[in-house]
Amino acid sequence: MTRIVILLVALALGSISQTNAQSKYEQGMKKALELWGAQKPFESSNMFERITEVESEEWLPHYYIAMINALYSFGVTDKEKLTLQLERAKKHIEEAELISPNNPEILIIKATINTAWIAYDGATYGMTLSMKNAELYKKAFELAPENPRVVLSKAEWDMGSAKYFGQSTEPYCKDVERSLELFATFKAESTMHPSWGKDRAEEVLKSCK
Amino acid sequence: MKSFLSLMLLVVTSFSFSQVTITGTVTDKRMVPIEGANVYLKGTYDGSSTIQDGTFSFTTSEVGTQTLVISYISFETFELVAEVNTITDVKIQLKEAINTLTGVTLSAGTFEAGDNSKVSVLKPLDVVTTASALGDFVGALQTLPGTSAVAEDGRLFVRGGGAEETQIFIDGVRVFTPFTPTSNNIPTRGRYSPFLFKGISFSTGGYSAEFGQALSGVLQLNTIDEPDQDKTDISLMTVGGGVGHTKKWKNNSVSVNASYINLAPYISITQSRDTWNKPYEGLAGEAVFRQKYENGILKLYAATDYSNFDLLQDNINFPEGFRFSLTNRNSYLNGSLKYFFDNDWTLQTGLSYTNDNTNILIDEAKVKGDENSIHVKAKVKKGFTSKVKLSFGTEYFITRFKEKFSDPNASFTTSFENDLWGSFAEADIFISNDFAFKPGIRAEYAQDQDKWYVSPRLSVAYKTGDSSQFSLAYGDFYQNPLNEYLKLTNTLEAEKATHYLLNYQYSKERRILRAELFHKEYDNLVKFDDDFPIATSNFNNNGDGYATGLDLFWRDGKSIKNFEYWLSYSYLDTERDYRNYPQRAIPNFSSEHNISLVGKWWVEKLRSQVGFSHTFATGRTYTDRNTDEFLAAKTKNFNSLSINWAYLISQQKILYFSINNVLGTRNVFGYDYANTPNMNGVFERQARRPNADQFFFVGFFWTISTDKSSNQLDNL
């Protein structure tokens, strides 16, 4: 999971070099992503939150708040802290979904929040939430079969379940390979839009060999 | 003019760039600095986060009066309206927000099973993977403290109360006949399949004013709002089979389910004490329709089942065997609508209709019963602030009962009509995250008695640490006399119980400890003066009783990897004078000590879940006819160890084995005595035993869904 974080940092840093004339919104988003890049995830989340207070029609700030709170809850053992963080993530991803329904990027974060619960206590949350995740990935795949993050996240999830049930993870390796092909040609809508995942795919592929 | 404009522009520009620095400190009420709070000017991007010492500082080019907002998770958002240039070095104390997720909970007496409730003692899967439960949700609840092991009955006996003292509700609406009727010593099961429910809340005392007509316990089952995906489930079992299908659309979904159970093949290869003329056969169907609206949800649930059997029970007074045969047809309809209005108003309405039709043959007597019941309910909830919530509602129960009795000598019909109106109001008041209380009141009017019953309820909770809390609960509870009395007399009043509970709960990282002391006073219990209630019996409300005890529960899913277990212990001291008891006595369904130990391993290498469950109970009372003493003798202790094994053939195919009472302990529930003494003047006796000591079960469960990963583990 730390790898994803590092990856996002790289993404954030990459966007700093953009020097075009930017709107106030773009500047704010850029600054928030920079904060994340500077290892200040919760300050970054606060910045995104300030943006959501002004920009009620943008899903991206909500998306990033949810993503940060979900990613940084992996490894948290204090249930109270975990609950607060994941509830916050859930609230924002739901708002993002209201603004931008049927968005595969949002579905991936929704599934990530569930995965954080499963990682915390598989016995309690595994059975019910894994079914929800299977459905979320399925829907994301139906919406965007060519989105490399969808292909990668779904493959990783399938690998995780196969591992849990003691089955071979091999069939999913070619999905990961496919995601890499898609990453090569993927072009994010803007520097603010999600574009993470390529390094992660390479990592996962290593475990296949 | 041109130069004036450029001058203006210059002024404006320079004005807007004259930046102000806003500084301050954020602490909680105890002056502890808060790190990570979001501080900003409302409607702008200008802001910052507080650092470790609680201070913040940021610049803004805004002017004039602005609103400074300080928000932090689990605290109430603070707003300060002031001239920007005056906001320097402000000291702000945030108030703790009332947090339903982590704050104190009003939980005395209640066990929750579900995903996200923090007082959850059972997980969704437990209901179906507990070794002794055999997929019956009631079976899993019997491993919780406060229940007594009455293995031959199968229903819930809560804290010295009879099985009829616990009521079952689906989505807040009453289920009038939740159990399939059975014969002596053959345990019944809940009628409804466990996987339609997302949450189960089992209260063994002190419950909310929303619930009436239950002296001892309330079991609430909540159906799933939205299924996860389209799927088809197929099950093949040694005792029958089932098919289920769920289809999901954008805003609605339908689930249907059918099962057929026939014990004939099982009985033909195993030994049983009774002779079956016709082994148990049951056919059941269920359908659920759910519709989501923008601000609400509508659910319709319908279930119907048919069952029959015919057997000759070994009985000391019937050398040829005691004939008992039964046919039961039951239909249940439940509709509920939940609607969210603006300003935190919620409306919840529900309607249920039950039709139950039973034909029983006991030796030579025929009993034909027909019950029609309706429950209508509306409940309104309003949150005033995060600290005060009010709920109130009204409900109406209608019961029409008719029974025809005939044997070679006589034939007669009994019936009754029972209408009851109830209303309740209750408030949840949170003084802080550590202290809350819930006062409530319930009023009921029983039409046939022309009598009002008013019952106060109160529950208080105090959090003593991050992971522990104390709760207290008190309440009066009334319940109308049972159908078996109402059909014979109309002179009876409601029976009454008063509960006092003191509860301690500790929960941290997958470990839960609960201890509850309780005292229950019974009053107005129904008495009659024959062996059985008959039309000529004299009935009165002069009975009473008490139950005092301690319940302990410990669950641990942390200490040992891939292993989870829970241990329940109940101590119960109870006596009552009711029915035809000559004086106060310990009823034969109560045991002084009850212990349940349930464990589950997930063995990754074998792709299996292996579980066991052991129940121990001290002996139950019976009357020895060779002495004069009433209910003074006690049976030997009860012991039953059950094991199960779920093996995942693949992600969607599961093989399941279980054996109940694997050690084959010969348990005795009581004794039947001969009606006449033998030549030596001694009444001979026969032990009441289960139909078979052991029960084994093999099942194959297959789920077909497009994503190929869901399965029926939660269906076992």
# chains A, B, ... in the order shown; residues from 1 in each chain; ligands from 1
>>> residues_around(residues="A:Leu152", least_positions_apart="5", cutoff="12 Å", atoms="only C-alpha atoms", output="compact mmCIF listing (two decimals) with C-alpha atoms, in the first residue's frame")
# COMPACT_ATOMS: atom_id res chain seq x y z
CA GLU A 105 -12.50 5.92 -10.82
CA ILE A 108 -12.38 1.88 -7.40
CA TYR A 137 -15.21 -4.04 -9.78
CA ALA A 140 -16.36 -0.47 -13.06
CA PHE A 141 -15.21 -2.94 -15.68
CA ALA A 144 -14.63 1.29 -18.59
CA PRO A 145 -13.02 -1.94 -19.79
CA GLU A 146 -10.17 0.13 -21.23
CA ASN A 147 -9.33 2.08 -18.09
CA TRP A 157 -8.66 -7.97 -6.17
CA ASP A 158 -9.18 -11.23 -8.03
CA MET A 159 -5.63 -12.25 -7.16
CA TYR A 172 -4.91 -12.69 -13.49
CA CYS A 173 -1.31 -11.92 -14.45
CA LYS A 174 -2.30 -11.38 -18.05
CA ASP A 175 -4.86 -8.85 -16.87
CA VAL A 176 -2.07 -6.98 -15.16
CA GLU A 177 -0.04 -7.13 -18.35
CA ARG A 178 -3.01 -5.76 -20.21
CA SER A 179 -3.31 -2.91 -17.74
CA LEU A 180 0.30 -2.01 -18.48
CA GLU A 181 -0.47 -1.86 -22.17
CA LEU A 182 -3.39 0.41 -21.39
CA PHE A 183 -1.28 2.60 -19.10
CA TRP A 196 -1.83 6.67 -10.87
CA GLY A 197 -1.26 2.97 -11.17
CA LYS A 198 1.49 2.24 -13.70
CA ASP A 199 4.27 1.65 -11.15
CA ARG A 200 1.91 -0.42 -9.08
CA ALA A 201 1.11 -2.60 -12.08
CA GLU A 202 4.82 -3.17 -12.65
CA GLU A 203 5.22 -4.16 -9.00
CA VAL A 204 2.36 -6.61 -9.18
CA LEU A 205 3.66 -8.09 -12.40
>>> closest_atom_pairs(of="chain A", to="chain B", cutoff="10 Å", atoms="only C-alpha atoms", output="CSV")
residue,atom,partner,partner_atom,distance
A:Lys24,CA,B:Tyr45,CA,8.6
A:Tyr25,CA,B:Tyr45,CA,8.7
A:Gln27,CA,B:Tyr45,CA,9.8
A:Gly28,CA,B:Tyr45,CA,7.0
A:Met29,CA,B:Tyr45,CA,9.9
A:Phe42,CA,B:Gly36,CA,6.9
A:Glu43,CA,B:Ser49,CA,5.8
A:Ser44,CA,B:Ser49,CA,9.0
A:Ser45,CA,B:Asn38,CA,9.1
A:Asn46,CA,B:Asn38,CA,5.5
A:Met47,CA,B:Ser48,CA,7.2
A:Phe48,CA,B:Tyr45,CA,9.0
A:Glu49,CA,B:Asn38,CA,8.3
A:Arg50,CA,B:Tyr45,CA,5.7
A:Ile51,CA,B:Tyr45,CA,5.9
A:Thr52,CA,B:Tyr45,CA,9.2
A:Glu53,CA,B:Gly43,CA,6.5
A:Val54,CA,B:Gly43,CA,5.3
A:Glu55,CA,B:Gly43,CA,9.0
A:Thr77,CA,B:Glu509,CA,7.5
A:Asp78,CA,B:Glu509,CA,7.3
A:Lys79,CA,B:Glu509,CA,6.7
A:Glu80,CA,B:Thr102,CA,6.1
A:Lys81,CA,B:Thr102,CA,9.2
A:Thr83,CA,B:Leu101,CA,7.5
A:Leu84,CA,B:Ile73,CA,7.3
A:Gln85,CA,B:Ile73,CA,8.4
A:Glu87,CA,B:Leu101,CA,9.3
A:Arg88,CA,B:Ile73,CA,8.2
A:Tyr120,CA,B:Glu509,CA,9.6
A:Asp121,CA,B:Arg510,CA,8.2
A:Gly122,CA,B:Asn562,CA,9.7
A:Ala123,CA,B:Lys123,CA,8.2
A:Thr124,CA,B:Lys123,CA,5.9
A:Tyr125,CA,B:Asp115,CA,6.7
A:Gly126,CA,B:Leu125,CA,9.8
A:Met127,CA,B:Asp714,CA,7.4
A:Thr128,CA,B:Pro124,CA,8.1
A:Leu129,CA,B:Asp228,CA,9.0
A:Ser130,CA,B:Ser710,CA,7.9
A:Met131,CA,B:Ser710,CA,5.8
A:Lys132,CA,B:Asp228,CA,5.5
A:Asn133,CA,B:Asp228,CA,8.9
A:Ala134,CA,B:Asp707,CA,6.4
A:Glu135,CA,B:Gln229,CA,6.2
A:Leu136,CA,B:Asp228,CA,9.1
A:Tyr137,CA,B:Asp707,CA,9.1
A:Lys138,CA,B:Asp707,CA,6.9
A:Asp158,CA,B:Ser709,CA,8.4
A:Ser161,CA,B:Ser709,CA,7.8
A:Ala162,CA,B:Gln651,CA,8.1
A:Lys163,CA,B:Glu604,CA,9.6
A:Tyr164,CA,B:Glu604,CA,7.4
A:Phe165,CA,B:Arg607,CA,6.1
A:Gly166,CA,B:Arg607,CA,6.7
A:Gln167,CA,B:Ser650,CA,8.2
>>> select_by_dssp(residues="stretch 458-498 of chain B", states="helix (DSSP H, G or I)", output="list of chain:residue names")
B:Asn483, B:Glu484, B:Tyr485, B:Leu486
>>> residues_around(residues="stretch 164-180 of chain B", least_positions_apart="3", cutoff="8 Å", atoms="only C-alpha atoms", output="PDB file with N, CA and C atoms, in the first residue's frame")
ATOM      1  N   ARG B 155     -36.908 -23.054  20.890  1.00  0.00           N
ATOM      2  CA  ARG B 155     -37.210 -21.620  20.952  1.00  0.00           C
ATOM      3  C   ARG B 155     -36.303 -20.943  21.983  1.00  0.00           C
ATOM      4  N   LEU B 156     -36.488 -19.655  22.166  1.00  0.00           N
ATOM      5  CA  LEU B 156     -35.633 -18.901  23.079  1.00  0.00           C
ATOM      6  C   LEU B 156     -36.280 -18.773  24.453  1.00  0.00           C
ATOM      7  N   PHE B 157     -35.562 -19.229  25.462  1.00  0.00           N
ATOM      8  CA  PHE B 157     -36.023 -19.093  26.845  1.00  0.00           C
ATOM      9  C   PHE B 157     -35.101 -18.093  27.518  1.00  0.00           C
ATOM     10  N   VAL B 158     -35.620 -16.924  27.802  1.00  0.00           N
ATOM     11  CA  VAL B 158     -34.766 -15.837  28.254  1.00  0.00           C
ATOM     12  C   VAL B 158     -34.928 -15.580  29.748  1.00  0.00           C
ATOM     13  N   GLY B 161     -37.741 -16.878  31.765  1.00  0.00           N
ATOM     14  CA  GLY B 161     -39.041 -16.668  31.131  1.00  0.00           C
ATOM     15  C   GLY B 161     -39.369 -17.808  30.185  1.00  0.00           C
ATOM     16  N   THR B 188     -38.073 -27.120  17.403  1.00  0.00           N
ATOM     17  CA  THR B 188     -38.567 -26.373  16.259  1.00  0.00           C
ATOM     18  C   THR B 188     -37.447 -25.493  15.713  1.00  0.00           C
ATOM     19  N   ARG B 189     -37.710 -24.853  14.589  1.00  0.00           N
ATOM     20  CA  ARG B 189     -36.752 -23.934  13.984  1.00  0.00           C
ATOM     21  C   ARG B 189     -37.481 -22.641  13.624  1.00  0.00           C
ATOM     22  N   GLY B 190     -36.688 -21.578  13.492  1.00  0.00           N
ATOM     23  CA  GLY B 190     -37.274 -20.336  12.999  1.00  0.00           C
ATOM     24  C   GLY B 190     -37.715 -20.567  11.562  1.00  0.00           C
ATOM     25  N   ARG B 191     -38.813 -19.937  11.157  1.00  0.00           N
ATOM     26  CA  ARG B 191     -39.329 -20.183   9.819  1.00  0.00           C
ATOM     27  C   ARG B 191     -38.495 -19.526   8.725  1.00  0.00           C
ATOM     28  N   TYR B 192     -37.747 -18.477   9.061  1.00  0.00           N
ATOM     29  CA  TYR B 192     -37.204 -17.631   8.012  1.00  0.00           C
ATOM     30  C   TYR B 192     -35.724 -17.891   7.779  1.00  0.00           C
ATOM     31  N   GLN B 213     -45.746  -6.087  24.594  1.00  0.00           N
ATOM     32  CA  GLN B 213     -46.255  -7.451  24.466  1.00  0.00           C
ATOM     33  C   GLN B 213     -45.157  -8.507  24.531  1.00  0.00           C
ATOM     34  N   ALA B 214     -44.118  -8.226  25.288  1.00  0.00           N
ATOM     35  CA  ALA B 214     -43.046  -9.203  25.496  1.00  0.00           C
ATOM     36  C   ALA B 214     -42.539  -9.032  26.922  1.00  0.00           C
ATOM     37  N   LEU B 215     -42.628 -10.100  27.712  1.00  0.00           N
ATOM     38  CA  LEU B 215     -42.206  -9.991  29.108  1.00  0.00           C
ATOM     39  C   LEU B 215     -40.706 -10.156  29.280  1.00  0.00           C
ATOM     40  N   SER B 216     -40.073 -10.917  28.394  1.00  0.00           N
ATOM     41  CA  SER B 216     -38.676 -11.277  28.636  1.00  0.00           C
ATOM     42  C   SER B 216     -37.682 -10.846  27.576  1.00  0.00           C
ATOM     43  N   GLY B 217     -38.061 -10.910  26.309  1.00  0.00           N
ATOM     44  CA  GLY B 217     -37.062 -10.647  25.286  1.00  0.00           C
ATOM     45  C   GLY B 217     -37.674 -10.170  23.985  1.00  0.00           C
ATOM     46  N   VAL B 218     -36.841  -9.490  23.190  1.00  0.00           N
ATOM     47  CA  VAL B 218     -37.270  -9.027  21.877  1.00  0.00           C
ATOM     48  C   VAL B 218     -36.166  -9.358  20.891  1.00  0.00           C
ATOM     49  N   LEU B 219     -36.551  -9.962  19.779  1.00  0.00           N
ATOM     50  CA  LEU B 219     -35.585 -10.280  18.739  1.00  0.00           C
ATOM     51  C   LEU B 219     -35.981  -9.516  17.487  1.00  0.00           C
ATOM     52  N   GLN B 220     -35.098  -8.616  17.044  1.00  0.00           N
ATOM     53  CA  GLN B 220     -35.399  -7.810  15.861  1.00  0.00           C
ATOM     54  C   GLN B 220     -34.558  -8.290  14.700  1.00  0.00           C
ATOM     55  N   LEU B 221     -35.200  -8.536  13.583  1.00  0.00           N
ATOM     56  CA  LEU B 221     -34.494  -8.955  12.375  1.00  0.00           C
ATOM     57  C   LEU B 221     -34.715  -7.877  11.330  1.00  0.00           C
ATOM     58  N   ASN B 222     -33.629  -7.403  10.733  1.00  0.00           N
ATOM     59  CA  ASN B 222     -33.780  -6.382   9.701  1.00  0.00           C
ATOM     60  C   ASN B 222     -33.361  -6.942   8.359  1.00  0.00           C
ATOM     61  N   THR B 223     -34.234  -6.815   7.378  1.00  0.00           N
ATOM     62  CA  THR B 223     -33.922  -7.378   6.063  1.00  0.00           C
ATOM     63  C   THR B 223     -32.937  -6.471   5.330  1.00  0.00           C
ATOM     64  N   SER B 307     -45.963 -27.647   6.360  1.00  0.00           N
ATOM     65  CA  SER B 307     -45.207 -28.753   6.921  1.00  0.00           C
ATOM     66  C   SER B 307     -46.147 -29.799   7.496  1.00  0.00           C
ATOM     67  N   ASN B 328     -49.319 -28.052   9.168  1.00  0.00           N
ATOM     68  CA  ASN B 328     -49.342 -26.613   9.420  1.00  0.00           C
ATOM     69  C   ASN B 328     -49.126 -25.860   8.121  1.00  0.00           C
ATOM     70  N   TYR B 332     -47.106 -15.353   5.748  1.00  0.00           N
ATOM     71  CA  TYR B 332     -46.720 -14.123   6.424  1.00  0.00           C
ATOM     72  C   TYR B 332     -46.406 -13.069   5.376  1.00  0.00           C
ATOM     73  N   ASN B 334     -45.237  -8.951   4.989  1.00  0.00           N
ATOM     74  CA  ASN B 334     -44.706  -7.824   5.740  1.00  0.00           C
ATOM     75  C   ASN B 334     -44.325  -6.731   4.751  1.00  0.00           C
ATOM     76  N   SER B 336     -42.964  -2.656   4.535  1.00  0.00           N
ATOM     77  CA  SER B 336     -42.505  -1.524   5.336  1.00  0.00           C
ATOM     78  C   SER B 336     -41.992  -0.422   4.428  1.00  0.00           C
ATOM     79  N   GLY B 350     -45.171   0.267   8.849  1.00  0.00           N
ATOM     80  CA  GLY B 350     -45.110  -1.155   8.567  1.00  0.00           C
ATOM     81  C   GLY B 350     -46.449  -1.820   8.771  1.00  0.00           C
ATOM     82  N   LEU B 351     -46.618  -2.927   8.057  1.00  0.00           N
ATOM     83  CA  LEU B 351     -47.855  -3.683   8.166  1.00  0.00           C
ATOM     84  C   LEU B 351     -47.502  -5.162   8.041  1.00  0.00           C
ATOM     85  N   SER B 352     -48.062  -5.971   8.915  1.00  0.00           N
ATOM     86  CA  SER B 352     -47.845  -7.401   8.736  1.00  0.00           C
ATOM     87  C   SER B 352     -49.153  -8.148   8.871  1.00  0.00           C
ATOM     88  N   THR B 354     -50.529 -12.234   9.263  1.00  0.00           N
ATOM     89  CA  THR B 354     -50.183 -13.634   9.446  1.00  0.00           C
ATOM     90  C   THR B 354     -51.436 -14.482   9.367  1.00  0.00           C
ATOM     91  N   ASP B 356     -52.258 -18.478  10.044  1.00  0.00           N
ATOM     92  CA  ASP B 356     -51.666 -19.741  10.471  1.00  0.00           C
ATOM     93  C   ASP B 356     -52.772 -20.766  10.651  1.00  0.00           C
ATOM     94  N   SER B 373     -53.772 -12.642  12.132  1.00  0.00           N
ATOM     95  CA  SER B 373     -53.304 -11.511  12.922  1.00  0.00           C
ATOM     96  C   SER B 373     -52.773 -10.414  12.026  1.00  0.00           C
ATOM     97  N   HIS B 375     -50.710  -6.531  12.232  1.00  0.00           N
ATOM     98  CA  HIS B 375     -50.022  -5.498  13.005  1.00  0.00           C
ATOM     99  C   HIS B 375     -49.773  -4.308  12.090  1.00  0.00           C
ATOM    100  N   VAL B 376     -50.215  -3.149  12.494  1.00  0.00           N
ATOM    101  CA  VAL B 376     -49.972  -1.920  11.728  1.00  0.00           C
ATOM    102  C   VAL B 376     -49.204  -0.985  12.633  1.00  0.00           C
ATOM    103  N   LYS B 377     -48.205  -0.311  12.074  1.00  0.00           N
ATOM    104  CA  LYS B 377     -47.359   0.513  12.931  1.00  0.00           C
ATOM    105  C   LYS B 377     -46.841   1.719  12.165  1.00  0.00           C
ATOM    106  N   GLN B 479     -47.736  -8.078  28.925  1.00  0.00           N
ATOM    107  CA  GLN B 479     -48.036  -8.960  27.799  1.00  0.00           C
ATOM    108  C   GLN B 479     -49.399  -9.598  28.022  1.00  0.00           C
ATOM    109  N   LEU B 482     -51.627 -15.759  27.082  1.00  0.00           N
ATOM    110  CA  LEU B 482     -51.423 -16.586  25.893  1.00  0.00           C
ATOM    111  C   LEU B 482     -52.748 -16.980  25.252  1.00  0.00           C
TER     112      LEU B 482
END
>>> residues_around(residues="stretch 312-322 of chain B", least_positions_apart="3", cutoff="9 Å", atoms="only C-alpha atoms", output="list in words")
Asn184, Arg273, Asp274, Thr275, Trp276, Asn277, Ser325, Ile362, Asp363, Asp672, Tyr673, Ala674, Asn675, Thr676, Glu684, Arg685, Gln686 and Asn691 of chain B
>>> residues_around(residues="stretch 16-33 of chain B", least_positions_apart="5", cutoff="10 Å", atoms="only C-alpha atoms", output="number ranges by chain")
B: 10-11, 39-41, 47-48, 50-63, 68, 70, 75, 84-96
>>> residues_around(residues="B:Thr623", least_positions_apart="2", cutoff="9 Å", atoms="only C-alpha atoms", output="PyMOL selection string")
chain B and resi 621+625-634+670-671
>>> write_last_selection(atoms="N, CA and C atoms", output="PDB file, in the first residue's frame")
ATOM      1  N   THR B 621     -35.628 -29.017  36.636  1.00  0.00           N
ATOM      2  CA  THR B 621     -36.533 -29.592  37.643  1.00  0.00           C
ATOM      3  C   THR B 621     -37.601 -30.480  37.019  1.00  0.00           C
ATOM      4  N   ARG B 625     -43.276 -38.195  41.033  1.00  0.00           N
ATOM      5  CA  ARG B 625     -44.621 -38.555  41.514  1.00  0.00           C
ATOM      6  C   ARG B 625     -44.582 -39.437  42.756  1.00  0.00           C
ATOM      7  N   ASN B 626     -43.409 -40.036  43.032  1.00  0.00           N
ATOM      8  CA  ASN B 626     -43.312 -40.876  44.218  1.00  0.00           C
ATOM      9  C   ASN B 626     -43.039 -40.063  45.484  1.00  0.00           C
ATOM     10  N   THR B 627     -42.897 -38.780  45.347  1.00  0.00           N
ATOM     11  CA  THR B 627     -42.781 -37.912  46.520  1.00  0.00           C
ATOM     12  C   THR B 627     -43.933 -36.913  46.436  1.00  0.00           C
ATOM     13  N   ASP B 628     -44.113 -36.120  47.457  1.00  0.00           N
ATOM     14  CA  ASP B 628     -45.170 -35.116  47.440  1.00  0.00           C
ATOM     15  C   ASP B 628     -44.667 -33.781  46.932  1.00  0.00           C
ATOM     16  N   GLU B 629     -43.359 -33.741  46.734  1.00  0.00           N
ATOM     17  CA  GLU B 629     -42.794 -32.429  46.428  1.00  0.00           C
ATOM     18  C   GLU B 629     -42.950 -32.056  44.964  1.00  0.00           C
ATOM     19  N   PHE B 630     -43.332 -30.798  44.753  1.00  0.00           N
ATOM     20  CA  PHE B 630     -43.606 -30.290  43.407  1.00  0.00           C
ATOM     21  C   PHE B 630     -42.328 -29.704  42.783  1.00  0.00           C
ATOM     22  N   LEU B 631     -41.984 -30.180  41.610  1.00  0.00           N
ATOM     23  CA  LEU B 631     -40.802 -29.691  40.876  1.00  0.00           C
ATOM     24  C   LEU B 631     -39.564 -29.595  41.771  1.00  0.00           C
ATOM     25  N   ALA B 632     -39.331 -30.624  42.583  1.00  0.00           N
ATOM     26  CA  ALA B 632     -38.221 -30.556  43.528  1.00  0.00           C
ATOM     27  C   ALA B 632     -37.031 -31.387  43.066  1.00  0.00           C
ATOM     28  N   ALA B 633     -37.267 -32.370  42.190  1.00  0.00           N
ATOM     29  CA  ALA B 633     -36.155 -33.209  41.725  1.00  0.00           C
ATOM     30  C   ALA B 633     -35.495 -32.553  40.522  1.00  0.00           C
ATOM     31  N   LYS B 634     -34.229 -32.932  40.291  1.00  0.00           N
ATOM     32  CA  LYS B 634     -33.527 -32.348  39.152  1.00  0.00           C
ATOM     33  C   LYS B 634     -32.917 -33.419  38.263  1.00  0.00           C
ATOM     34  N   GLY B 670     -36.411 -34.530  31.270  1.00  0.00           N
ATOM     35  CA  GLY B 670     -37.384 -34.626  32.346  1.00  0.00           C
ATOM     36  C   GLY B 670     -37.897 -36.058  32.367  1.00  0.00           C
ATOM     37  N   TYR B 671     -38.956 -36.289  33.125  1.00  0.00           N
ATOM     38  CA  TYR B 671     -39.493 -37.651  33.192  1.00  0.00           C
ATOM     39  C   TYR B 671     -41.006 -37.644  33.045  1.00  0.00           C
TER      40      TYR B 671
END
>>> residues_around(residues="B:Leu572", least_positions_apart="5", cutoff="7 Å", atoms="only C-alpha atoms", output="NGL selection string")
:B and (159 or 547-550 or 591-593)
>>> write_last_selection(atoms="C-alpha atoms", output="PDB file, in the first residue's frame")
ATOM      1  CA  ARG B 159     -33.778 -15.326  31.888  1.00  0.00           C
ATOM      2  CA  ALA B 547     -35.552 -14.123  38.204  1.00  0.00           C
ATOM      3  CA  THR B 548     -32.161 -12.849  39.349  1.00  0.00           C
ATOM      4  CA  GLY B 549     -28.831 -13.615  37.829  1.00  0.00           C
ATOM      5  CA  LEU B 550     -25.593 -12.759  36.131  1.00  0.00           C
ATOM      6  CA  SER B 591     -31.249 -24.256  34.665  1.00  0.00           C
ATOM      7  CA  GLU B 592     -29.147 -22.606  37.315  1.00  0.00           C
ATOM      8  CA  HIS B 593     -25.907 -22.577  35.295  1.00  0.00           C
TER       9      HIS B 593
END
>>> atom_distance(atom1="atom CA of B:Ala264", atom2="atom CA of B:Ile643")
23.5 Å
